[in-house]
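Quick look at input11.txt (compact mmCIF, C-alpha atoms):
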```txt
# COMPACT_ATOMS: atom_id res chain seq x y z
CA MET A 227 6.93 -49.25 13.76
CA THR A 228 10.39 -49.25 15.25
CA SER A 229 13.73 -50.81 14.48
CA SER A 230 13.87 -54.59 14.77
CA ALA A 231 17.15 -54.33 16.67
CA PRO A 232 17.24 -56.54 19.76
CA THR A 233 16.59 -54.82 23.09
CA THR A 234 20.14 -55.74 24.11
CA ALA A 235 21.63 -53.76 21.20
CA PRO A 236 23.47 -50.53 22.11
CA VAL A 237 21.23 -47.45 22.02
CA ALA A 238 21.89 -44.84 19.34
CA ALA A 239 19.98 -41.67 20.22
CA GLN A 240 18.50 -39.94 17.16
CA TYR A 241 17.85 -36.20 17.57
CA VAL A 242 15.28 -34.82 15.10
CA VAL A 243 13.68 -31.51 16.05
CA THR A 244 10.26 -32.47 14.64
CA PHE A 245 9.55 -36.18 14.34
CA LEU A 246 8.43 -36.25 11.64
CA LYS A 247 7.58 -33.95 8.74
CA PRO A 248 6.18 -35.62 5.59
CA GLU A 249 9.19 -34.64 3.50
CA MET A 250 11.48 -36.48 5.95
CA LEU A 251 10.37 -39.98 5.02
CA HIS A 252 13.98 -40.81 4.15
CA LEU A 253 14.96 -40.23 7.80
CA TYR A 254 12.23 -42.55 9.02
CA ARG A 255 13.44 -45.26 6.68
CA GLN A 256 17.04 -44.80 7.78
CA ILE A 257 16.27 -44.88 11.49
CA THR A 258 13.92 -47.87 11.31
CA ALA A 259 16.40 -49.81 9.15
CA LEU A 260 18.93 -49.99 11.99
CA ARG A 261 19.53 -53.51 13.26
CA ALA A 262 22.83 -53.56 15.19
CA PHE A 263 21.83 -50.46 17.19
CA ARG A 264 18.54 -49.69 18.94
CA PRO A 265 17.36 -46.20 17.96
CA VAL A 266 15.66 -43.97 20.51
CA VAL A 267 14.30 -40.74 19.06
CA PHE A 268 14.67 -37.42 20.87
CA CYS A 269 12.64 -34.49 19.54
CA GLN A 270 11.05 -31.18 20.47
CA LYS A 271 7.76 -32.00 18.75
CA ARG A 272 5.93 -35.17 17.62
CA GLU A 273 3.94 -34.91 14.37
CA HIS A 274 2.26 -37.29 11.90
CA ALA A 275 2.36 -40.19 14.34
CA ALA A 276 -0.03 -42.28 12.25
CA GLU A 277 2.17 -42.00 9.15
CA PHE A 278 5.40 -42.49 11.12
CA PRO A 279 4.71 -44.86 14.02
CA PHE A 280 7.68 -45.37 16.31
CA GLY A 281 8.06 -47.06 19.65
CA GLU A 282 10.73 -45.21 21.64
CA ILE A 283 10.39 -41.43 21.51
CA VAL A 284 11.43 -38.87 24.12
CA VAL A 285 9.73 -35.49 23.59
CA LEU A 286 11.55 -32.52 25.13
CA PRO A 287 9.51 -29.43 24.17
CA LYS A 288 10.94 -25.95 23.66
CA PRO A 289 10.92 -23.84 26.83
CA ARG A 290 8.07 -21.41 27.33
CA THR A 291 10.58 -18.58 26.90
CA HIS A 292 11.55 -19.72 23.41
CA GLN A 293 10.01 -16.71 21.66
CA LEU A 294 11.89 -14.36 23.99
CA ARG A 295 15.08 -16.32 23.34
CA ARG A 296 14.45 -16.07 19.60
CA LEU A 297 14.02 -12.31 19.89
CA VAL A 298 17.17 -11.83 21.92
CA GLN A 299 19.52 -14.27 20.19
CA LYS A 300 18.39 -13.98 16.58
CA GLN A 301 16.99 -10.47 16.28
CA LEU A 302 19.01 -8.47 18.80
CA LEU A 303 22.31 -10.38 18.93
CA ASN A 304 22.13 -11.55 15.28
CA ARG A 305 23.40 -15.03 16.10
CA PRO A 306 21.98 -18.54 15.75
CA ILE A 307 19.46 -19.69 18.35
CA THR A 308 21.07 -22.12 20.79
CA ILE A 309 19.52 -24.00 23.68
CA TYR A 310 20.01 -22.88 27.27
CA ARG A 311 22.56 -24.66 29.43
CA SER A 312 19.65 -25.85 31.60
CA GLU A 313 18.11 -27.46 28.49
CA ALA A 314 21.43 -29.08 27.67
CA ARG A 315 21.57 -30.63 31.14
CA ARG A 316 17.97 -31.83 30.82
CA ILE A 317 18.67 -33.49 27.45
CA LEU A 318 21.85 -35.04 28.82
CA THR A 319 19.90 -36.53 31.73
CA ALA A 320 17.34 -37.96 29.29
CA LEU A 321 20.14 -39.46 27.19
CA GLU A 322 21.63 -41.09 30.27
CA GLN A 323 18.23 -42.48 31.29
CA SER A 324 17.78 -44.00 27.82
CA GLY A 325 21.13 -45.77 28.07
CA ALA A 326 22.37 -44.02 24.94
CA ARG A 327 25.88 -44.89 23.84
CA LEU A 328 25.94 -42.37 20.98
CA LEU A 329 24.06 -39.27 19.80
CA HIS A 330 23.17 -38.75 16.12
CA VAL A 331 21.99 -35.20 15.31
CA TYR A 332 20.01 -34.31 12.18
CA PHE A 333 21.00 -31.71 10.69
CA GLY A 334 24.01 -29.39 10.67
CA HIS A 335 22.14 -26.27 11.80
CA ILE A 336 20.51 -28.30 14.58
CA GLY A 337 23.99 -29.28 15.70
CA VAL A 338 24.62 -25.56 16.13
CA HIS A 339 21.30 -25.19 17.98
CA LEU A 340 22.45 -27.96 20.36
CA LEU A 341 25.97 -26.58 20.78
CA PRO A 342 25.65 -26.16 24.59
CA LEU A 343 24.74 -29.86 24.76
CA LEU A 344 27.60 -30.93 22.51
CA GLU A 345 30.02 -29.02 24.73
CA ILE A 346 29.09 -31.09 27.81
CA CYS A 347 28.03 -34.38 26.22
CA PRO A 348 30.41 -37.26 27.05
CA LEU A 349 28.93 -39.42 24.28
CA PRO A 350 30.29 -39.61 20.72
CA VAL A 351 28.28 -37.19 18.57
CA VAL A 352 27.56 -37.78 14.88
CA VAL A 353 26.08 -34.86 12.90
CA SER A 354 24.42 -35.40 9.50
CA PHE A 355 24.45 -32.80 6.73
CA HIS A 356 22.01 -33.25 3.85
CA GLY A 357 22.31 -30.06 1.79
CA ALA A 358 20.96 -26.66 2.77
CA ASP A 359 22.08 -27.18 6.37
CA ALA A 360 25.70 -26.80 5.26
CA GLN A 361 25.31 -23.13 4.39
CA ILE A 362 22.56 -21.56 6.51
CA ASP A 363 23.55 -17.95 7.41
CA LEU A 364 27.26 -18.77 7.24
CA HIS A 365 28.00 -15.34 5.76
CA LYS A 366 27.32 -14.00 9.26
CA PRO A 367 30.40 -14.10 11.55
CA ALA A 368 28.49 -15.26 14.64
CA HIS A 369 26.90 -18.14 12.74
CA LEU A 370 30.18 -19.21 11.17
CA THR A 371 31.98 -19.11 14.52
CA ARG A 372 29.41 -21.33 16.22
CA THR A 373 29.25 -23.66 13.26
CA ARG A 374 33.00 -24.15 13.45
CA ARG A 375 32.73 -24.86 17.17
CA MET A 376 30.10 -27.50 16.41
CA LEU A 377 32.28 -29.06 13.69
CA GLU A 378 35.18 -29.21 16.14
CA ARG A 379 33.08 -30.77 18.90
CA ALA A 380 31.39 -33.44 16.75
CA THR A 381 33.05 -36.84 16.61
CA LEU A 382 32.11 -37.55 12.98
CA LEU A 383 30.33 -35.57 10.25
CA LEU A 384 28.13 -37.36 7.72
CA VAL A 385 27.42 -35.97 4.25
CA ARG A 386 25.08 -37.17 1.51
CA SER A 387 27.46 -36.23 -1.31
CA ALA A 388 31.14 -35.56 -1.99
CA SER A 389 30.29 -32.02 -3.11
CA LEU A 390 28.75 -31.40 0.30
CA ALA A 391 31.93 -32.65 1.96
CA GLU A 392 33.93 -30.04 0.06
CA ARG A 393 31.53 -27.35 1.26
CA LEU A 394 32.13 -28.37 4.88
CA ILE A 395 35.89 -28.44 4.40
CA ALA A 396 35.72 -24.94 2.90
CA ILE A 397 34.20 -23.59 6.14
CA GLY A 398 36.71 -25.34 8.36
CA ALA A 399 35.51 -28.92 8.91
CA PRO A 400 38.38 -31.36 9.53
CA ARG A 401 38.54 -33.62 6.48
CA GLU A 402 39.40 -36.62 8.65
CA LYS A 403 36.05 -36.38 10.44
CA ILE A 404 33.90 -36.50 7.30
CA ARG A 405 32.21 -39.71 6.16
CA LEU A 406 30.13 -40.14 3.01
CA HIS A 407 26.77 -41.71 3.83
CA ARG A 408 24.33 -41.95 0.94
CA THR A 409 20.55 -41.69 1.02
CA GLY A 410 18.99 -45.13 1.25
CA VAL A 411 16.21 -46.13 -1.15
CA PRO A 412 13.92 -49.11 -0.33
CA LEU A 413 14.40 -51.01 -3.59
CA ASP A 414 11.86 -53.72 -2.79
CA GLU A 415 9.10 -51.09 -2.45
CA ILE A 416 9.66 -49.45 -5.85
CA PRO A 417 8.78 -51.64 -8.84
CA PHE A 418 11.04 -51.23 -11.85
CA VAL A 419 9.22 -50.51 -15.11
CA GLN A 420 11.27 -50.77 -18.29
CA ARG A 421 10.34 -47.65 -20.24
CA THR A 422 9.64 -47.53 -23.94
CA ALA A 423 8.88 -44.48 -26.05
CA PRO A 424 5.16 -43.56 -25.97
CA ALA A 425 2.95 -43.70 -29.05
CA GLU A 426 2.44 -40.51 -31.04
CA GLY A 427 4.93 -38.52 -28.95
CA ALA A 428 2.71 -38.44 -25.84
CA TRP A 429 5.63 -37.99 -23.46
CA HIS A 430 4.71 -37.60 -19.79
CA CYS A 431 7.29 -35.61 -17.84
CA VAL A 432 7.37 -35.38 -14.05
CA GLN A 433 9.09 -33.29 -11.41
CA ALA A 434 8.48 -33.98 -7.70
CA CYS A 435 9.87 -31.59 -5.10
CA ARG A 436 9.22 -28.65 -2.82
CA LEU A 437 8.18 -25.72 -4.99
CA ILE A 438 11.14 -23.52 -4.11
CA GLU A 439 13.72 -21.66 -6.15
CA LYS A 440 16.64 -24.09 -5.89
CA LYS A 441 14.59 -26.85 -7.56
CA GLY A 442 14.78 -25.03 -10.90
CA LEU A 443 11.07 -25.21 -11.69
CA VAL A 444 11.11 -22.04 -13.79
CA THR A 445 13.79 -23.64 -15.96
CA SER A 446 11.71 -26.83 -16.15
CA LEU A 447 8.64 -24.97 -17.42
CA ARG A 448 10.57 -22.97 -19.99
CA ALA A 449 12.33 -26.11 -21.24
CA PHE A 450 9.05 -28.00 -21.40
CA ALA A 451 7.47 -25.20 -23.44
CA ASP A 452 10.31 -25.63 -25.94
CA PHE A 453 9.83 -29.42 -25.92
CA VAL A 454 6.07 -29.14 -26.53
CA ALA A 455 6.74 -27.22 -29.74
CA GLU A 456 8.04 -30.50 -31.24
CA PHE A 457 5.90 -32.91 -29.20
CA PRO A 458 2.51 -31.21 -28.82
CA ARG A 459 0.97 -34.24 -27.06
CA ALA A 460 3.49 -34.07 -24.21
CA THR A 461 2.31 -33.40 -20.64
CA PHE A 462 4.09 -32.33 -17.47
CA THR A 463 3.06 -33.12 -13.88
CA ILE A 464 4.62 -31.09 -11.08
CA ALA A 465 4.09 -32.84 -7.74
CA GLY A 466 4.65 -30.89 -4.55
CA ASP A 467 3.72 -27.78 -2.60
CA GLY A 468 5.62 -24.64 -1.77
CA PRO A 469 5.77 -20.85 -1.99
CA GLN A 470 6.42 -20.75 -5.75
CA LEU A 471 3.10 -22.37 -6.68
CA PRO A 472 1.21 -19.15 -7.61
CA SER A 473 4.05 -17.77 -9.74
CA LEU A 474 4.60 -21.14 -11.44
CA ARG A 475 0.92 -21.35 -12.37
CA THR A 476 1.14 -17.86 -13.84
CA LEU A 477 4.28 -18.75 -15.78
CA ALA A 478 2.72 -21.94 -17.16
CA GLU A 479 -0.28 -19.94 -18.43
CA SER A 480 1.92 -17.25 -19.96
CA LEU A 481 3.89 -19.94 -21.81
CA GLY A 482 0.68 -21.40 -23.23
CA LEU A 483 1.03 -24.58 -21.16
CA ALA A 484 -2.22 -24.47 -19.20
CA GLU A 485 -3.55 -27.60 -20.95
CA HIS A 486 -0.25 -29.44 -20.73
CA VAL A 487 0.85 -28.87 -17.11
CA THR A 488 -0.77 -30.30 -13.97
CA PHE A 489 0.10 -29.13 -10.45
CA SER A 490 -0.88 -32.13 -8.35
CA GLY A 491 0.16 -30.86 -4.93
CA PHE A 492 1.94 -33.03 -2.37
CA LEU A 493 1.34 -36.73 -3.06
CA PRO A 494 1.57 -39.64 -0.59
CA GLN A 495 4.00 -42.39 -1.48
CA GLU A 496 1.47 -44.71 -3.16
CA LYS A 497 0.24 -41.98 -5.49
CA LEU A 498 3.73 -40.67 -6.15
CA ARG A 499 4.94 -44.13 -7.19
CA ALA A 500 1.89 -44.57 -9.41
CA LEU A 501 2.77 -41.23 -11.01
CA TYR A 502 6.34 -42.39 -11.62
CA ALA A 503 5.10 -45.64 -13.14
CA SER A 504 2.92 -43.71 -15.61
CA ALA A 505 5.63 -41.23 -16.59
CA HIS A 506 8.43 -41.31 -19.17
CA LEU A 507 10.94 -38.65 -18.06
CA PHE A 508 11.94 -37.07 -14.75
CA LEU A 509 13.14 -33.46 -14.58
CA HIS A 510 15.22 -32.02 -11.76
CA PRO A 511 17.23 -28.98 -12.92
CA SER A 512 18.39 -27.85 -9.46
CA GLU A 513 20.24 -24.56 -9.17
CA LEU A 514 22.18 -22.68 -6.52
CA GLY A 515 19.81 -20.51 -4.50
CA PRO A 516 20.47 -16.79 -3.95
CA ASP A 517 21.40 -17.60 -0.33
CA GLY A 518 23.89 -20.29 -1.38
CA ASN A 519 21.37 -23.07 -0.80
CA GLN A 520 22.54 -26.22 -2.60
CA GLU A 521 21.16 -29.72 -3.03
CA GLY A 522 22.73 -32.88 -1.70
CA VAL A 523 21.26 -35.76 -3.72
CA PRO A 524 17.48 -35.28 -4.19
CA ASN A 525 15.51 -38.16 -2.70
CA ALA A 526 12.62 -37.90 -5.18
CA MET A 527 15.08 -38.12 -8.06
CA LEU A 528 16.60 -41.32 -6.66
CA GLU A 529 13.19 -42.97 -6.29
CA ALA A 530 12.25 -41.94 -9.82
CA MET A 531 15.48 -43.47 -11.13
CA SER A 532 14.85 -46.65 -9.16
CA SER A 533 11.48 -46.98 -10.90
CA GLY A 534 13.20 -46.81 -14.29
CA LEU A 535 12.73 -43.13 -15.14
CA PRO A 536 15.64 -41.56 -17.03
CA VAL A 537 16.57 -38.21 -15.49
CA VAL A 538 17.23 -34.87 -17.15
CA ALA A 539 18.91 -32.69 -14.54
CA THR A 540 21.75 -30.23 -13.90
CA ARG A 541 25.38 -30.40 -12.88
CA HIS A 542 24.55 -29.19 -9.40
CA GLY A 543 25.49 -30.33 -5.91
CA GLY A 544 25.45 -34.09 -5.54
CA ILE A 545 23.32 -34.78 -8.63
CA PRO A 546 26.29 -35.83 -10.85
CA GLU A 547 27.22 -38.39 -8.17
CA ALA A 548 23.91 -40.15 -8.82
CA VAL A 549 23.22 -39.41 -12.49
CA GLU A 550 26.00 -40.55 -14.82
CA HIS A 551 25.77 -38.25 -17.81
CA GLY A 552 24.97 -40.19 -20.96
CA ILE A 553 24.39 -43.42 -19.03
CA SER A 554 21.61 -43.08 -16.47
CA GLY A 555 20.49 -39.61 -17.51
CA LEU A 556 21.53 -36.34 -19.10
CA LEU A 557 23.01 -33.32 -17.29
CA THR A 558 23.00 -29.68 -18.33
CA PRO A 559 24.27 -26.39 -16.87
CA GLU A 560 22.11 -24.67 -14.26
CA ARG A 561 19.39 -22.27 -15.43
CA ASP A 562 19.82 -23.29 -19.08
CA ALA A 563 16.30 -24.02 -20.32
CA ARG A 564 17.44 -24.40 -23.92
CA ALA A 565 19.99 -27.10 -23.01
CA LEU A 566 17.43 -28.86 -20.82
CA ALA A 567 14.93 -28.91 -23.67
CA GLN A 568 17.59 -30.29 -26.01
CA SER A 569 18.24 -33.14 -23.56
CA LEU A 570 14.53 -33.95 -23.52
CA ARG A 571 14.49 -33.99 -27.31
CA THR A 572 17.62 -36.16 -27.45
CA LEU A 573 15.89 -38.89 -25.45
CA ALA A 574 12.55 -38.50 -27.24
CA ARG A 575 14.20 -38.84 -30.65
CA ASP A 576 16.27 -41.91 -29.77
CA PRO A 577 14.11 -44.82 -28.45
CA ALA A 578 17.12 -47.12 -28.10
CA LEU A 579 19.04 -44.63 -25.95
CA TYR A 580 15.90 -43.92 -23.93
CA GLY A 581 15.33 -47.61 -23.19
CA THR A 582 18.95 -48.18 -22.22
CA MET A 583 18.90 -45.21 -19.83
CA SER A 584 15.75 -46.54 -18.18
CA ALA A 585 17.52 -49.72 -17.11
CA ALA A 586 20.75 -47.89 -16.25
CA ALA A 587 18.96 -45.41 -13.96
CA SER A 588 17.48 -48.22 -11.87
CA HIS A 589 20.78 -50.09 -11.78
CA ARG A 590 22.63 -46.99 -10.57
CA VAL A 591 20.35 -46.61 -7.56
CA ALA A 592 20.47 -50.34 -6.77
CA THR A 593 24.28 -50.35 -6.66
CA GLU A 594 24.89 -47.04 -4.86
CA PHE A 595 21.80 -46.14 -2.82
CA ASP A 596 20.25 -49.35 -1.48
CA LEU A 597 18.61 -48.70 1.92
CA ARG A 598 19.80 -51.92 3.55
CA ALA A 599 23.39 -51.38 2.44
CA GLN A 600 23.34 -47.78 3.65
CA ALA A 601 21.88 -48.84 7.02
CA ARG A 602 24.77 -51.28 7.47
CA ALA A 603 27.18 -48.50 6.47
CA LEU A 604 25.65 -46.22 9.11
CA GLU A 605 26.08 -48.91 11.75
CA ALA A 606 29.74 -49.20 10.78
CA ILE A 607 30.08 -45.42 11.23
CA TYR A 608 28.50 -45.69 14.69
CA ARG A 609 31.00 -48.40 15.66
CA GLU A 610 33.84 -46.20 14.44
CA ALA A 611 32.56 -43.24 16.48
CA LEU A 612 32.34 -45.39 19.61
CA ALA A 613 35.93 -46.54 19.10
CA LEU A 614 37.36 -43.03 18.67
```
Kindly transcribe the structure held in the file into structure tokens.
Amino acid sequence: MTSSAPTTAPVAAQYVVTFLKPEMLHLYRQITALRAFRPVVFCQKREHAAEFPFGEIVVLPKPRTHQLRRLVQKQLLNRPITIYRSEARRILTALEQSGARLLHVYFGHIGVHLLPLLEICPLPVVVSFHGADAQIDLHKPAHLTRTRRMLERATLLLVRSASLAERLIAIGAPREKIRLHRTGVPLDEIPFVQRTAPAEGAWHCVQACRLIEKKGLVTSLRAFADFVAEFPRATFTIAGDGPQLPSLRTLAESLGLAEHVTFSGFLPQEKLRALYASAHLFLHPSELGPDGNQEGVPNAMLEAMSSGLPVVATRHGGIPEAVEHGISGLLTPERDARALAQSLRTLARDPALYGTMSAAASHRVATEFDLRAQARALEAIYREALAL
């Protein structure tokens, strides 16, 4: 699959280090939704080609000396890894051969990696920030310095949430360069199911994410244990893989939840949507990681909302920009399992409120996060960058 843009459309080069990891489906949708620009992908590595077919891809592998470069730049010099000037010239030649009019780099830390290219590239450069890439190693002076150079060199900076924009401004990004560009959700692929309260309190809760600390899974399990005390037929499915899996299994057992909690592993889209359709509540109590890692707007949460699942989440990152507290979901403070459990009980005890939030959650995504609308918005940003 590729974009249906005409071959005469201007070329917008899309730089993604690995095209494409399974968790980057949202990028694939965004790139293939372009119509007014013809996307050509540039990457260091091609993966999952069957799941993410794409016509025009230029693979520029890492140099054979990459491990030595990593040792010298990261370990010895304690600075971010950046490409060689020879690599920058090679990429620039490939961009020229593709006829690219513009370069779009995903993500912020990759913009830093490509800094030698950005410093010689005559094309407008757009850099997208989605969340964690706005704070990687920025407590280190060498990283912060190069990040600021990248922010200065970029033509425009895209952010998934207003909270992320403020983070960039705090580290020196020019406010006038920042543009809000939301995640796009393919509404026609996600059937809406109006939710009603289950019989006999058999609530099915779901959380889908990488099993990492900032997703708040420990808080989810503790809150669910509290919820089960009142609704003993409730179940909880945690979909995803990650380094926390062993400790989460242990915690679930220690909380007496072994028969209530299922760890399904990573699910393909068809199975994930079937899981959403069978569920009643979506949990996503994100929290600030110990390294300052913060969410933008979680993609899985948006798809769950689109399907009609009310969300119980936290006032964290860009989540409040998607979930309107009391309308399309309920928000609590970070790391507050008791408050999260109370939000679950509030919805379970009030069928009318629960049903209203189901419809409101889907409506919120349809009005603010529609894939086609966001693709047109991205094209408008490209036109602006070309005019600057």
Please, what is the axis-aligned box for every listed atom of segment 565-580 of chain A with 4 Å on each side, as centre and edge lengths in Å to one decimal, as JSON?
```
{"center_x": 16.3, "center_y": -37.1, "center_z": -25.7, "size_x": 15.4, "size_y": 28.0, "size_z": 17.8}
```
Discussion item. Give me the residues near segment 443-445 of chain A as a PyMOL selection string, where near means some atom within 7 Å (using only C-alpha atoms) and where sequence neighbours in that chain fewer than 4 positions away do not count.
Written reply: chain A and resi 449+474+561-563
Any chance you can output those residues with C-alpha atoms as a PDB file, in the frame of the given file?
```
ATOM      1  CA  ALA A 449      12.330 -26.110 -21.240  1.00  0.00           C
ATOM      2  CA  LEU A 474       4.600 -21.140 -11.440  1.00  0.00           C
ATOM      3  CA  ARG A 561      19.390 -22.270 -15.430  1.00  0.00           C
ATOM      4  CA  ASP A 562      19.820 -23.290 -19.080  1.00  0.00           C
ATOM      5  CA  ALA A 563      16.300 -24.020 -20.320  1.00  0.00           C
TER       6      ALA A 563
END
```
Worksheet item: With only C-alpha atoms as the atoms that count, which of A:Ala526, A:Leu483, A:Ala276, A:Ala434 lies nearest to Ala455 of chain A?
Response: A:Leu483
I need every residue sitting at most 12 Å from the point (12.8, -38.8, 22.4) (coordinates as in the file, all atoms listed in the file considered), written as an mmCIF file with C-alpha atoms, in the coordinates of the input.
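Once everything was written out, this is out.cif:
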```cif
data_model
loop_
_atom_site.group_PDB
_atom_site.id
_atom_site.type_symbol
_atom_site.label_atom_id
_atom_site.label_comp_id
_atom_site.auth_asym_id
_atom_site.auth_seq_id
_atom_site.Cartn_x
_atom_site.Cartn_y
_atom_site.Cartn_z
ATOM 1 C CA ALA A 238 21.890 -44.840 19.340
ATOM 2 C CA ALA A 239 19.980 -41.670 20.220
ATOM 3 C CA GLN A 240 18.500 -39.940 17.160
ATOM 4 C CA TYR A 241 17.850 -36.200 17.570
ATOM 5 C CA VAL A 242 15.280 -34.820 15.100
ATOM 6 C CA VAL A 243 13.680 -31.510 16.050
ATOM 7 C CA THR A 244 10.260 -32.470 14.640
ATOM 8 C CA PHE A 245 9.550 -36.180 14.340
ATOM 9 C CA LEU A 246 8.430 -36.250 11.640
ATOM 10 C CA PRO A 265 17.360 -46.200 17.960
ATOM 11 C CA VAL A 266 15.660 -43.970 20.510
ATOM 12 C CA VAL A 267 14.300 -40.740 19.060
ATOM 13 C CA PHE A 268 14.670 -37.420 20.870
ATOM 14 C CA CYS A 269 12.640 -34.490 19.540
ATOM 15 C CA GLN A 270 11.050 -31.180 20.470
ATOM 16 C CA LYS A 271 7.760 -32.000 18.750
ATOM 17 C CA ARG A 272 5.930 -35.170 17.620
ATOM 18 C CA PHE A 280 7.680 -45.370 16.310
ATOM 19 C CA GLY A 281 8.060 -47.060 19.650
ATOM 20 C CA GLU A 282 10.730 -45.210 21.640
ATOM 21 C CA ILE A 283 10.390 -41.430 21.510
ATOM 22 C CA VAL A 284 11.430 -38.870 24.120
ATOM 23 C CA VAL A 285 9.730 -35.490 23.590
ATOM 24 C CA LEU A 286 11.550 -32.520 25.130
ATOM 25 C CA PRO A 287 9.510 -29.430 24.170
ATOM 26 C CA ILE A 317 18.670 -33.490 27.450
ATOM 27 C CA LEU A 318 21.850 -35.040 28.820
ATOM 28 C CA THR A 319 19.900 -36.530 31.730
ATOM 29 C CA ALA A 320 17.340 -37.960 29.290
ATOM 30 C CA LEU A 321 20.140 -39.460 27.190
ATOM 31 C CA GLN A 323 18.230 -42.480 31.290
ATOM 32 C CA SER A 324 17.780 -44.000 27.820
ATOM 33 C CA ALA A 326 22.370 -44.020 24.940
ATOM 34 C CA LEU A 329 24.060 -39.270 19.800
#
```
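Residues lying at most 9 Å from (7.9, -25.6, -3.4) in file coordinates, with all atoms listed in the file considered, are Cys435, Arg436, Leu437, Ile438, Glu439, Lys441, Leu443, Gly466, Asp467, Gly468, Pro469, Gln470 and Leu471 of chain A.
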Write to file, as a PDB file, in the coordinates of the input, the residues of the selection just made, with C-alpha atoms.
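Final output, saved to part_35.pdb:
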```
ATOM      1  CA  CYS A 435       9.870 -31.590  -5.100  1.00  0.00           C
ATOM      2  CA  ARG A 436       9.220 -28.650  -2.820  1.00  0.00           C
ATOM      3  CA  LEU A 437       8.180 -25.720  -4.990  1.00  0.00           C
ATOM      4  CA  ILE A 438      11.140 -23.520  -4.110  1.00  0.00           C
ATOM      5  CA  GLU A 439      13.720 -21.660  -6.150  1.00  0.00           C
ATOM      6  CA  LYS A 441      14.590 -26.850  -7.560  1.00  0.00           C
ATOM      7  CA  LEU A 443      11.070 -25.210 -11.690  1.00  0.00           C
ATOM      8  CA  GLY A 466       4.650 -30.890  -4.550  1.00  0.00           C
ATOM      9  CA  ASP A 467       3.720 -27.780  -2.600  1.00  0.00           C
ATOM     10  CA  GLY A 468       5.620 -24.640  -1.770  1.00  0.00           C
ATOM     11  CA  PRO A 469       5.770 -20.850  -1.990  1.00  0.00           C
ATOM     12  CA  GLN A 470       6.420 -20.750  -5.750  1.00  0.00           C
ATOM     13  CA  LEU A 471       3.100 -22.370  -6.680  1.00  0.00           C
TER      14      LEU A 471
END
```
Fill in: Using all atoms listed in the file: which of A:Ser584, A:Thr461, A:Gln600, A:Ser473 has the shortest distance to His486 of chain A
A:Thr461
Response to the item:
Of A:Leu528, A:Ala484, A:Ala388, A:Val538, the one nearest to His510 of chain A when counting all atoms listed in the file is A:Val538
Worksheet, complete the sentence: Taken to one decimal, the atom CA of Leu383 of chain A-atom CA of Ile404 of chain A distance is 4.7 Å
Worksheet item: In Å, with one decimal, what is the gap from atom CA of Leu507 of chain A to atom CA of Gly357 of chain A?
Response: 24.4 Å
Worksheet item: Pick from A:Glu313, A:Glu322, A:Glu529, A:Glu605: nearest to His339 of chain A, with only C-alpha atoms counted?
Response: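 The answer is A:Glu313, which sits nearest to His339 of chain A.
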Worksheet entry | Residue neighbourhood Thr540 of chain A, 7 Å, all atoms listed in the file, exclusion window fewer than 5 positions, as JSON, numbers by chain | {"A": [511, 512, 557, 558, 559, 560]}
Practice prompt. Return the single residue from A:Gly325, A:Gly555, A:Pro306, A:Pro279 that is closest to Leu370 of chain A, with distances computed using all atoms listed in the file.
Written response: A:Pro306
Practice prompt. Find the residues near Thr422 of chain A: any atom within 10 Å, counting all atoms listed in the file, skip ones fewer than 4 places away on the same chain, and give them as a list in words.
Written response: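 My reading of the contact set: His506, Pro577, Ala578, Tyr580, Gly581, Thr582 and Ser584 of chain A.
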